[in-house]
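Everything on this sheet refers to the single structure shown next.
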Amino acid sequence: MAGPSIDALGQFTLTPGLGPVGRALGFTNSNEAMLASALIIIGLFAAGLSARALVPGRLQSLVEMLYEFVHNMCVDTIGEEGRRFFPLVFTIFSFILLGNLLGLFPYFFAFTSHIAVTLALALFVFLFSTGVGFYTHGLGFLRFFVPAGVPGWLLPLLIPIEIISYLSRPVSLSVRLFANMTAGHVMWEVFAGFMLMLTAGLGVLGAIAAIIPLGLNVALAALELLVAGLQAYVFAILTCLYLHDAVHMH
Amino acid sequence: MSEGPEKPAFEARLQAAEDAARPARREPGRSEAGSARRAIELAMRLGVEMVAAMVIAVGIGWGLDKLLHTTPWLMILMVPVGLAAGLRNLMRAGATDDRAPRERR
C-alpha cells in the first residue's frame with residue numbers, strides 16, 4: 001500500500017549535529033541533547049540560586065526542592081555517609097531526568113533511549129560502587145558474596161548465585177531505563193503513524209476515526225511524563241542502594 | 001577562648017543546630033504517597049531484575065563453553081543458577097521494604 005507507513009524506529013537514528021563541525025567531530029543529535037540537558041540544569045541552578053532570597057521565588061523553590069529531594073534520598077537510603085555521594089547521585093539524577101523530559105518534546109532527541117548511553121551510565125555506577133566497596137572494606141568486601149548464616153556445604157552453590165546477582169545489576173539498571181524510554185517513543189510513533197494511515201486510506205471517515213489514536217497519544221503523553229520522572233528516580237535510588245551495599249555490606 | 005556566662009547557652013544552641021542538621025531518623029511513617037511510589041518503583045524493577053540475572057548467567061555459560069569447547073553443557077548448567085540469582089534479586093528488592101527507613105515524607 002502506498003502512502004504513509006509506520007517507521008517506529010527511525011526516530012532513534014543518529015544524525016550529525018551542529019552542522020559541518022559536528023559532522024567532522026562525530027557530534028550527533030544525541031550529544032546535542034546531552035549538552036542541552038547539562039546546560040539547562042546548570043543554567044537552572046545558576047538562575048535559581050542567584051536571588052538567594054530567604055523566601056524563595058518560583059525558580060528558587062524548584063531548585064531547592066530538587067536539591068532537597070535528592071539529598072533526602074541519599075541520606076535515607078545510604079545513611080549518614082550518603083552526603084559524600086550526594087554530588088554523584090544528584091548529577092546522575094538530574095542528567096537522566098532532563099534527558100528523559102527533553103526527549104518528550106517534538107524535534108528533541110531522547111538520548112536515554114539508546115542502550116549505549118544507559119549502559120555507560122550503569123557501568124559507571126556499578127564500577128564506582130564496587131570501587132567504593134573495596135576502598136571502604138579492602139578485600140573484606142568479598143565477604144559481601146558470602147551470605148551469612150548458611151551451612152558451609154551450601155556455599156559453593158550460593159556464592160556463584162550471589163556473584164551473578166551482583167553482576168546483573170548494570171544490566172537491569174541500563175535495560176530498564178532504555179526499554180521504558182524506547183517503548184514510550186515507539187508507541188507514540190505507532191499511534192501517530194496509524195492516524196496518517198487512517199486518513200490516507202479512508203478519507204473523511206478515516207480522519208474522524210483518527211480521533212481515537214489521537215486521544216490515546218494524548219493519554220500516552222501523560223503516562224510518558226510519569227515514566228520519565230519515575231525512571232530517573234528509580235535509576236538514582238538504585239544508585240543509592242548499590243552505594244549503601246558498598247558502604248554497609250548488608 | 002573566654003568562658004563567659006553565655007557559654008552554656010551557646011553550647012545548647014550549638015547542640016540544637018547540630019541536631020537539626022542531622023537527618024531526622026524518623027520511623028517509617030508509611031505515608032500513602034510514599035507507599036504508592038514504592039509500589040510503582042517495585043513494579044518497574046522486578047521484571048527486569050529477573051531477566052537480567054538470567055542474561056548474565058547464560059552469557060557466562062555460553063562464553064565459558066566457547067572457551068572450553070564444552071557446548072552446550074555449561075550454558076545448560078547456568079540456567080538454574082541464573083534463575084536462582086534472579087529470585088535472589090527479587091528477594092533483595094522486596095526485602096529492602098521493611099529494612100531501611102527509606103521514605104520520610
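Residue numbering restarts at 1 in every chain; chains get A, B, ... in the order shown in the C-alpha cells, and ligands count up from 1 in that same order.
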
Long-range neighbours of Phe12 in chain A as a ChimeraX atom specification, 10 Å cut-off, only C-alpha atoms, 5 positions minimum in chain: /A:29-30,109-111,113-114,182,185-186

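CA of Leu104 in chain A sits 12.5 Å away from CA of Ala183 in chain A.
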
Would you mind listing what lies within 12 Å of Ala21 in chain B as an MDAnalysis selection string, with only C-alpha atoms counted and same-chain residues fewer than 4 positions away left out? (chainID A and resid 75 80 83) or (chainID B and resid 14:17 25)

Now that the selection is made, can you save its residues with all heavy atoms as an mmCIF file, in the first residue's frame?
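After the write, result-v3.cif holds the following:
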```
data_model
loop_
_atom_site.group_PDB
_atom_site.id
_atom_site.type_symbol
_atom_site.label_atom_id
_atom_site.label_comp_id
_atom_site.auth_asym_id
_atom_site.auth_seq_id
_atom_site.Cartn_x
_atom_site.Cartn_y
_atom_site.Cartn_z
ATOM 1 N N VAL A 75 20.517 10.466 51.912
ATOM 2 C CA VAL A 75 20.735 10.242 53.339
ATOM 3 C C VAL A 75 19.848 9.106 53.837
ATOM 4 O O VAL A 75 20.276 8.272 54.637
ATOM 5 C CB VAL A 75 20.487 11.540 54.118
ATOM 6 C CG1 VAL A 75 20.579 11.292 55.603
ATOM 7 C CG2 VAL A 75 21.492 12.586 53.700
ATOM 8 N N GLU A 80 24.131 8.065 56.925
ATOM 9 C CA GLU A 80 24.849 9.308 57.203
ATOM 10 C C GLU A 80 25.969 9.561 56.186
ATOM 11 O O GLU A 80 26.243 10.691 55.807
ATOM 12 C CB GLU A 80 25.413 9.229 58.619
ATOM 13 C CG GLU A 80 25.898 10.511 59.209
ATOM 14 C CD GLU A 80 24.835 11.609 59.204
ATOM 15 O OE1 GLU A 80 23.635 11.328 58.965
ATOM 16 O OE2 GLU A 80 25.224 12.748 59.422
ATOM 17 N N ARG A 83 25.929 11.638 52.356
ATOM 18 C CA ARG A 83 26.232 13.012 51.946
ATOM 19 C C ARG A 83 27.440 13.079 51.031
ATOM 20 O O ARG A 83 27.506 13.922 50.152
ATOM 21 C CB ARG A 83 26.533 13.861 53.176
ATOM 22 C CG ARG A 83 25.309 14.123 53.977
ATOM 23 C CD ARG A 83 25.707 14.731 55.280
ATOM 24 N NE ARG A 83 24.566 14.741 56.158
ATOM 25 C CZ ARG A 83 24.243 15.778 56.903
ATOM 26 N NH1 ARG A 83 24.975 16.848 56.875
ATOM 27 N NH2 ARG A 83 23.192 15.718 57.679
ATOM 28 N N LEU B 14 24.317 25.403 69.975
ATOM 29 C CA LEU B 14 25.138 24.640 69.042
ATOM 30 C C LEU B 14 24.597 23.224 68.917
ATOM 31 O O LEU B 14 24.449 22.686 67.821
ATOM 32 C CB LEU B 14 26.581 24.614 69.544
ATOM 33 C CG LEU B 14 27.591 23.915 68.621
ATOM 34 C CD1 LEU B 14 27.730 24.682 67.339
ATOM 35 C CD2 LEU B 14 28.924 23.781 69.315
ATOM 36 N N GLN B 15 24.270 22.633 70.087
ATOM 37 C CA GLN B 15 23.732 21.272 70.085
ATOM 38 C C GLN B 15 22.438 21.207 69.273
ATOM 39 O O GLN B 15 22.233 20.300 68.471
ATOM 40 C CB GLN B 15 23.471 20.835 71.541
ATOM 41 C CG GLN B 15 23.115 19.353 71.679
ATOM 42 C CD GLN B 15 24.244 18.450 71.202
ATOM 43 O OE1 GLN B 15 25.407 18.672 71.531
ATOM 44 N NE2 GLN B 15 23.890 17.455 70.393
ATOM 45 N N ALA B 16 21.582 22.216 69.506
ATOM 46 C CA ALA B 16 20.299 22.234 68.798
ATOM 47 C C ALA B 16 20.513 22.331 67.284
ATOM 48 O O ALA B 16 19.859 21.632 66.497
ATOM 49 C CB ALA B 16 19.447 23.408 69.284
ATOM 50 N N ALA B 17 21.477 23.191 66.907
ATOM 51 C CA ALA B 17 21.742 23.367 65.482
ATOM 52 C C ALA B 17 22.286 22.079 64.870
ATOM 53 O O ALA B 17 21.915 21.688 63.767
ATOM 54 C CB ALA B 17 22.726 24.506 65.272
ATOM 55 N N ARG B 25 16.010 10.708 62.047
ATOM 56 C CA ARG B 25 15.782 9.277 61.828
ATOM 57 C C ARG B 25 14.351 8.954 62.243
ATOM 58 O O ARG B 25 14.099 8.248 63.197
ATOM 59 C CB ARG B 25 16.772 8.457 62.661
ATOM 60 C CG ARG B 25 18.074 8.271 61.970
ATOM 61 C CD ARG B 25 18.102 6.930 61.245
ATOM 62 N NE ARG B 25 19.147 6.931 60.220
ATOM 63 C CZ ARG B 25 18.877 7.046 58.939
ATOM 64 N NH1 ARG B 25 17.648 7.178 58.500
ATOM 65 N NH2 ARG B 25 19.846 7.016 58.053
#
```

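For Leu198 in chain A, the residues within 7 Å (counting only C-alpha atoms, excluding itself and residues fewer than 5 positions away along the chain) are Gly206, Ala207 and Ala210 of chain A.
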
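Selecting chain A residues within 6 Å of chain B and counting only C-alpha atoms yields Asp76, Thr77, Ile161, Ser165, Ser168, Val171 and Ser172 of chain A.
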
Can I get the selected residues back with all heavy atoms, as a short mmCIF file (atom, residue, chain, number, x, y, z; two decimals), in the first residue's frame?
```
data_model
loop_
_atom_site.label_atom_id
_atom_site.label_comp_id
_atom_site.auth_asym_id
_atom_site.auth_seq_id
_atom_site.Cartn_x
_atom_site.Cartn_y
_atom_site.Cartn_z
N ASP A 76 18.61 9.04 53.34
CA ASP A 76 17.71 7.99 53.80
C ASP A 76 18.16 6.62 53.33
O ASP A 76 18.00 5.63 54.04
CB ASP A 76 16.29 8.24 53.28
CG ASP A 76 15.66 9.42 53.97
OD1 ASP A 76 16.27 9.89 54.95
OD2 ASP A 76 14.59 9.86 53.54
N THR A 77 18.66 6.54 52.11
CA THR A 77 18.99 5.23 51.56
C THR A 77 20.38 4.78 51.98
O THR A 77 20.57 3.64 52.40
CB THR A 77 18.92 5.25 50.02
OG1 THR A 77 17.71 5.89 49.65
CG2 THR A 77 18.93 3.86 49.47
N ILE A 161 25.69 -17.81 42.80
CA ILE A 161 24.40 -17.14 42.67
C ILE A 161 24.51 -15.68 43.09
O ILE A 161 24.03 -14.78 42.41
CB ILE A 161 23.34 -17.88 43.51
CG1 ILE A 161 23.03 -19.23 42.87
CG2 ILE A 161 22.07 -17.06 43.64
CD1 ILE A 161 22.09 -20.07 43.65
N SER A 165 24.04 -12.48 40.72
CA SER A 165 23.07 -11.47 41.12
C SER A 165 23.71 -10.08 41.15
O SER A 165 23.10 -9.09 40.74
CB SER A 165 22.50 -11.85 42.49
OG SER A 165 21.93 -10.76 43.12
N SER A 168 24.44 -8.81 37.59
CA SER A 168 23.26 -8.46 36.79
C SER A 168 22.81 -7.04 37.05
O SER A 168 21.92 -6.54 36.37
CB SER A 168 22.13 -9.43 37.10
OG SER A 168 21.58 -9.17 38.36
N VAL A 171 23.15 -4.55 34.11
CA VAL A 171 22.23 -4.94 33.03
C VAL A 171 20.82 -4.47 33.34
O VAL A 171 20.17 -3.80 32.53
CB VAL A 171 22.27 -6.46 32.82
CG1 VAL A 171 21.29 -6.86 31.74
CG2 VAL A 171 23.66 -6.92 32.47
N SER A 172 20.34 -4.81 34.54
CA SER A 172 18.96 -4.43 34.85
C SER A 172 18.81 -2.92 34.92
O SER A 172 17.82 -2.35 34.47
CB SER A 172 18.51 -5.07 36.16
OG SER A 172 19.23 -4.56 37.24
#
```

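The residue that comes closest to Val218 in chain A, out of A:Leu158, A:Gly82, A:Phe191, A:Leu44 and on the basis of only C-alpha atoms, is A:Phe191.
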
Write out as a CSV table (one decimal) with C-alpha atoms, in the first residue's frame each polymer residue whose atoms come within 12 Å of Pro213 in chain A, counting only C-alpha atoms; drop sequence neighbours fewer than 4 positions from it.
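Writing done, so here's part.csv:
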```csv
chain,number,residue,atom,x,y,z
A,187,MET,CA,4.1,3.7,20.9
A,188,TRP,CA,3.8,7.4,20.2
A,189,GLU,CA,5.2,6.9,16.7
A,190,VAL,CA,2.9,3.9,16.0
A,191,PHE,CA,-0.3,5.7,17.0
A,192,ALA,CA,0.7,8.8,15.1
A,193,GLY,CA,1.5,6.8,12.0
A,194,PHE,CA,-1.8,5.0,12.4
A,195,MET,CA,-3.6,8.3,12.3
A,196,LEU,CA,-1.9,9.2,9.0
A,197,MET,CA,-2.7,5.8,7.6
A,198,LEU,CA,-6.4,6.1,8.6
A,199,THR,CA,-6.7,9.5,6.9
A,206,GLY,CA,-10.7,7.9,8.5
A,207,ALA,CA,-9.9,11.4,9.7
A,208,ILE,CA,-12.9,11.2,12.1
A,209,ALA,CA,-11.7,7.7,13.2
A,217,ASN,CA,-1.5,9.7,22.2
A,218,VAL,CA,-2.6,12.5,24.5
A,219,ALA,CA,-3.1,10.0,27.3
A,220,LEU,CA,0.2,8.4,26.5
```

Close residues, range 137-148 of chain A itself excluded, 7 Å, only C-alpha atoms, min 6 positions apart in chain, as a PyMOL selection string: chain A and resi 159+162-163+249

Take the residues from that selection and put them in a file with C-alpha atoms, as an mmCIF file, in the first residue's frame.
```
data_model
loop_
_atom_site.group_PDB
_atom_site.id
_atom_site.type_symbol
_atom_site.label_atom_id
_atom_site.label_comp_id
_atom_site.auth_asym_id
_atom_site.auth_seq_id
_atom_site.Cartn_x
_atom_site.Cartn_y
_atom_site.Cartn_z
ATOM 1 C CA ILE A 159 28.454 -17.859 46.042
ATOM 2 C CA GLU A 162 25.378 -14.082 44.674
ATOM 3 C CA ILE A 163 28.053 -13.133 42.160
ATOM 4 C CA MET A 249 27.837 -4.610 53.180
#
```

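For the set A:Leu9, A:Val175, A:Leu88, A:Val234, the residue with the smallest atom-to-atom gap to Phe124 in chain A is A:Leu88, counting only C-alpha atoms.
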
For range 228-233 of chain A: contacts at 7 Å, only C-alpha atoms, fewer than 3 positions along chain excluded, given as a CSV table (one decimal) with all heavy atoms, in the first residue's frame:
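around-v5.csv was written with the following content:
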```
chain,number,residue,atom,x,y,z
A,93,PHE,N,21.0,11.9,38.6
A,93,PHE,CA,19.5,12.1,38.6
A,93,PHE,C,19.1,13.2,37.7
A,93,PHE,O,18.2,13.0,36.8
A,93,PHE,CB,19.0,12.3,40.0
A,93,PHE,CG,17.6,12.6,40.1
A,93,PHE,CD1,16.6,11.6,40.0
A,93,PHE,CD2,17.1,13.9,40.4
A,93,PHE,CE1,15.3,11.9,40.1
A,93,PHE,CE2,15.8,14.2,40.5
A,93,PHE,CZ,14.9,13.2,40.3
A,96,ILE,N,19.7,12.4,33.9
A,96,ILE,CA,18.7,11.5,33.3
A,96,ILE,C,17.3,12.1,33.2
A,96,ILE,O,16.6,12.0,32.2
A,96,ILE,CB,18.7,10.2,34.1
A,96,ILE,CG1,20.0,9.5,33.9
A,96,ILE,CG2,17.6,9.3,33.6
A,96,ILE,CD1,20.2,8.2,34.7
A,97,LEU,N,17.0,12.8,34.3
A,97,LEU,CA,15.6,13.4,34.3
A,97,LEU,C,15.5,14.4,33.2
A,97,LEU,O,14.5,14.4,32.4
A,97,LEU,CB,15.4,14.1,35.7
A,97,LEU,CG,14.1,14.8,35.8
A,97,LEU,CD1,13.0,13.8,35.9
A,97,LEU,CD2,14.1,15.7,37.1
A,100,ASN,N,15.3,12.6,29.8
A,100,ASN,CA,14.0,12.0,29.6
A,100,ASN,C,13.0,13.0,29.2
A,100,ASN,O,12.2,12.8,28.3
A,100,ASN,CB,13.5,11.2,30.9
A,100,ASN,CG,14.3,10.0,31.1
A,100,ASN,OD1,15.1,9.5,30.3
A,100,ASN,ND2,14.1,9.4,32.3
A,101,LEU,N,13.0,14.1,30.0
A,101,LEU,CA,12.0,15.1,29.8
A,101,LEU,C,12.2,15.8,28.4
A,101,LEU,O,11.2,16.1,27.7
A,101,LEU,CB,12.0,16.2,30.9
A,101,LEU,CG,11.5,15.7,32.2
A,101,LEU,CD1,11.6,16.8,33.3
A,101,LEU,CD2,10.1,15.2,32.1
A,177,LEU,N,15.9,1.5,32.0
A,177,LEU,CA,15.8,2.9,31.6
A,177,LEU,C,15.6,2.9,30.0
A,177,LEU,O,14.7,3.6,29.5
A,177,LEU,CB,17.0,3.7,32.0
A,177,LEU,CG,17.1,5.1,31.5
A,177,LEU,CD1,15.9,5.9,32.1
A,177,LEU,CD2,18.4,5.7,32.0
A,224,GLU,N,3.9,9.1,29.7
A,224,GLU,CA,5.3,9.2,29.4
A,224,GLU,C,6.0,10.2,30.4
A,224,GLU,O,7.1,10.1,30.8
A,224,GLU,CB,5.5,9.6,28.0
A,224,GLU,CG,5.4,8.5,27.0
A,224,GLU,CD,6.3,7.3,27.4
A,224,GLU,OE1,7.5,7.5,27.4
A,224,GLU,OE2,5.8,6.3,27.7
A,225,LEU,N,5.2,11.3,30.7
A,225,LEU,CA,5.7,12.3,31.7
A,225,LEU,C,6.0,11.6,33.0
A,225,LEU,O,7.1,11.8,33.6
A,225,LEU,CB,4.7,13.4,31.8
A,225,LEU,CG,5.2,14.6,32.5
A,225,LEU,CD1,6.3,15.3,31.7
A,225,LEU,CD2,4.1,15.6,32.7
A,236,ALA,N,18.3,6.7,40.1
A,236,ALA,CA,19.0,7.3,41.2
A,236,ALA,C,18.9,6.5,42.5
A,236,ALA,O,19.9,6.4,43.2
A,236,ALA,CB,18.5,8.8,41.4
A,237,ILE,N,17.7,6.0,42.8
A,237,ILE,CA,17.6,5.3,44.1
A,237,ILE,C,18.3,4.0,44.1
A,237,ILE,O,18.9,3.6,45.1
A,237,ILE,CB,16.1,5.1,44.5
A,237,ILE,CG1,16.0,4.9,46.0
A,237,ILE,CG2,15.4,4.0,43.8
A,237,ILE,CD1,14.8,5.6,46.6
```

Residue among A:Leu155, A:Leu173, A:Val89, A:Leu62 lying closest to Leu119 in chain A, counting only C-alpha atoms: A:Leu173
